[in-house]
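Engineer: I am attaching a structure below and will ask some questions about it afterwards.
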Amino acid sequence: MEKSGAATQPKRKETNTHATTSDLSRDGVVEISSSLRQLLADVFALYLKTKNFHWHMIGRHFRDYHLLLDEHAEQVFAMTDDIAERARKIGGATLRSISDISRHQRLQDNNEESVAPKEMLEELFADNQQLTRFLRFTHEVCEKHNDVATASLIENWIDETERRTWFLSEITKEV
Ligand SMILES: [Fe+2]
């Protein structure tokens, strides 16, 4: 004898919730946006450090380094809006304040009163190299959840970051 009723009720399919605006899974949105949040904090920290060294540069290569770091800062700053808006586009949240940045940043600030030009460049080299590692990590998170659009943006940022690292590495060799 066949009975119809509760036992045959179709299982509710896991689909989008209202919290997600994309077709990504809820877990995916949480994981990707939290990785983007850390990335954004690092990028703001790197932006300010690059500007800091641009402002406080001294020495016989002043003009070259001052201009190079401004170019780098501009490039780094340009990432911020795209990172934040990627998180929003997939239905996640992003940073809200300076204190939020300091809670999430992994790259360290430099509040020293006096930093030698070579040290400035070496520190930025190391930070940019570290940023590439962080970008690669977020790229892996995106791949895991099939977020190809964020992954594709990250690929360009890795290329730009490696370009900055290249320049910083070449000029530190002869300082
Ligand atoms: Fe300036």
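Residues in the structure tokens are numbered from 1 in each chain, the chains being A, B, ... in the order shown, and ligands are numbered from 1 in the order shown.
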Using only C-alpha atoms, which protein or nucleic acid residues come within 8 Å of range 96-113 of chain A? Drop anything in the same chain fewer than 2 positions from it, and give the result as a list in words.
Structural biologist: Arg37, Gln38, Leu39, Leu40, Ala41, Asp42, Phe44, Ala45, Leu46, Lys49, Thr94, Val115, Asp127 and Gln130 of chain A
Engineer: List all protein, DNA and RNA residues that have an atom no more than 7 Å from any atom of ligand 1, counting only C-alpha atoms and all ligand atoms, and report them as a list in words.
Structural biologist: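 Checked against 7 Å with only C-alpha atoms and all ligand atoms; the hits are His54, Trp55 and Asp70 of chain A.
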Engineer: For a test of reading the model, state the distance in Å between CA of Ile90 in chain A and CA of Ser22 in chain A, rounded to one decimal.
Structural biologist: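 The value is 5.1 Å.
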Engineer: Which residues are close to Phe137 in chain A, i.e. within 10 Å by only C-alpha atoms, leaving aside same-chain residues fewer than 6 positions away? Reply as a PDB file with C-alpha atoms, in the first residue's frame.
Structural biologist:
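Just written: selection24.pdb:
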ATOM      1  CA  SER A  35      38.967  37.564   2.514  1.00  0.00           C
ATOM      2  CA  LEU A  39      42.730  42.469   1.482  1.00  0.00           C
ATOM      3  CA  LEU A 131      50.396  41.507  -0.766  1.00  0.00           C
ATOM      4  CA  GLU A 143      38.307  29.520  -7.253  1.00  0.00           C
TER       5      GLU A 143
END
Engineer: Between A:Thr80, A:Thr165, A:Asn52, A:Ser34, which has the minimum distance to Asn128 in chain A (counting only C-alpha atoms)?
Structural biologist: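 Ranked by minimum distance to Asn128 in chain A, first place goes to A:Thr165.
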Engineer: Compare A:Arg133, A:Arg60, A:Arg26, A:His72 by their minimum atom-to-atom distance to Phe167 in chain A, counting only C-alpha atoms, and give me the closest one.
Structural biologist: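 Smallest distance to Phe167 in chain A is found for A:His72.
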Engineer: For Ala84 in chain A, work out the shell of residues within 9 Å, counting only C-alpha atoms and skipping chain neighbours fewer than 2 positions away, then give it as a PDB file with N, CA and C atoms, in the first residue's frame.
Structural biologist:
ATOM      1  N   SER A  33      33.904  37.465   0.929  1.00  0.00           N
ATOM      2  CA  SER A  33      33.895  38.854   1.390  1.00  0.00           C
ATOM      3  C   SER A  33      34.776  39.055   2.613  1.00  0.00           C
ATOM      4  N   LEU A  36      38.172  39.427   1.154  1.00  0.00           N
ATOM      5  CA  LEU A  36      38.286  40.743   0.497  1.00  0.00           C
ATOM      6  C   LEU A  36      38.433  41.861   1.533  1.00  0.00           C
ATOM      7  N   ARG A  37      37.778  41.683   2.672  1.00  0.00           N
ATOM      8  CA  ARG A  37      37.852  42.698   3.729  1.00  0.00           C
ATOM      9  C   ARG A  37      39.298  42.823   4.242  1.00  0.00           C
ATOM     10  N   LEU A  40      41.377  44.478   1.571  1.00  0.00           N
ATOM     11  CA  LEU A  40      41.120  45.917   1.503  1.00  0.00           C
ATOM     12  C   LEU A  40      41.864  46.647   2.628  1.00  0.00           C
ATOM     13  N   MET A  79      42.808  50.251  -6.375  1.00  0.00           N
ATOM     14  CA  MET A  79      42.265  48.919  -6.070  1.00  0.00           C
ATOM     15  C   MET A  79      41.129  48.979  -5.049  1.00  0.00           C
ATOM     16  N   THR A  80      41.180  50.001  -4.173  1.00  0.00           N
ATOM     17  CA  THR A  80      40.293  49.980  -3.000  1.00  0.00           C
ATOM     18  C   THR A  80      38.809  49.923  -3.361  1.00  0.00           C
ATOM     19  N   ASP A  81      38.387  50.785  -4.252  1.00  0.00           N
ATOM     20  CA  ASP A  81      36.963  50.838  -4.589  1.00  0.00           C
ATOM     21  C   ASP A  81      36.486  49.540  -5.238  1.00  0.00           C
ATOM     22  N   ASP A  82      37.327  48.989  -6.086  1.00  0.00           N
ATOM     23  CA  ASP A  82      36.959  47.730  -6.758  1.00  0.00           C
ATOM     24  C   ASP A  82      36.852  46.568  -5.772  1.00  0.00           C
ATOM     25  N   ARG A  86      33.299  44.765  -5.097  1.00  0.00           N
ATOM     26  CA  ARG A  86      33.168  43.323  -5.401  1.00  0.00           C
ATOM     27  C   ARG A  86      32.435  42.635  -4.255  1.00  0.00           C
ATOM     28  N   ALA A  87      32.831  42.984  -3.026  1.00  0.00           N
ATOM     29  CA  ALA A  87      32.182  42.375  -1.852  1.00  0.00           C
ATOM     30  C   ALA A  87      30.690  42.707  -1.846  1.00  0.00           C
ATOM     31  N   ARG A  88      30.353  43.952  -2.155  1.00  0.00           N
ATOM     32  CA  ARG A  88      28.946  44.368  -2.178  1.00  0.00           C
ATOM     33  C   ARG A  88      28.186  43.714  -3.320  1.00  0.00           C
ATOM     34  N   LYS A  89      28.829  43.575  -4.467  1.00  0.00           N
ATOM     35  CA  LYS A  89      28.159  42.984  -5.638  1.00  0.00           C
ATOM     36  C   LYS A  89      27.734  41.546  -5.381  1.00  0.00           C
ATOM     37  N   ALA A  93      29.529  42.353   2.949  1.00  0.00           N
ATOM     38  CA  ALA A  93      29.795  43.686   3.497  1.00  0.00           C
ATOM     39  C   ALA A  93      31.289  43.951   3.435  1.00  0.00           C
ATOM     40  N   THR A  94      31.647  45.226   3.652  1.00  0.00           N
ATOM     41  CA  THR A  94      33.073  45.569   3.599  1.00  0.00           C
ATOM     42  C   THR A  94      33.449  46.507   4.746  1.00  0.00           C
ATOM     43  N   LEU A  95      34.635  47.109   4.690  1.00  0.00           N
ATOM     44  CA  LEU A  95      35.116  47.950   5.786  1.00  0.00           C
ATOM     45  C   LEU A  95      34.271  49.207   5.955  1.00  0.00           C
TER      46      LEU A  95
END
Engineer: Closest to Glu123 in chain A among A:Gly59, A:His145, A:Thr172, A:Glu31, using only C-alpha atoms?
Structural biologist: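 The shortest atom-to-atom distance to Glu123 in chain A comes from A:Thr172.
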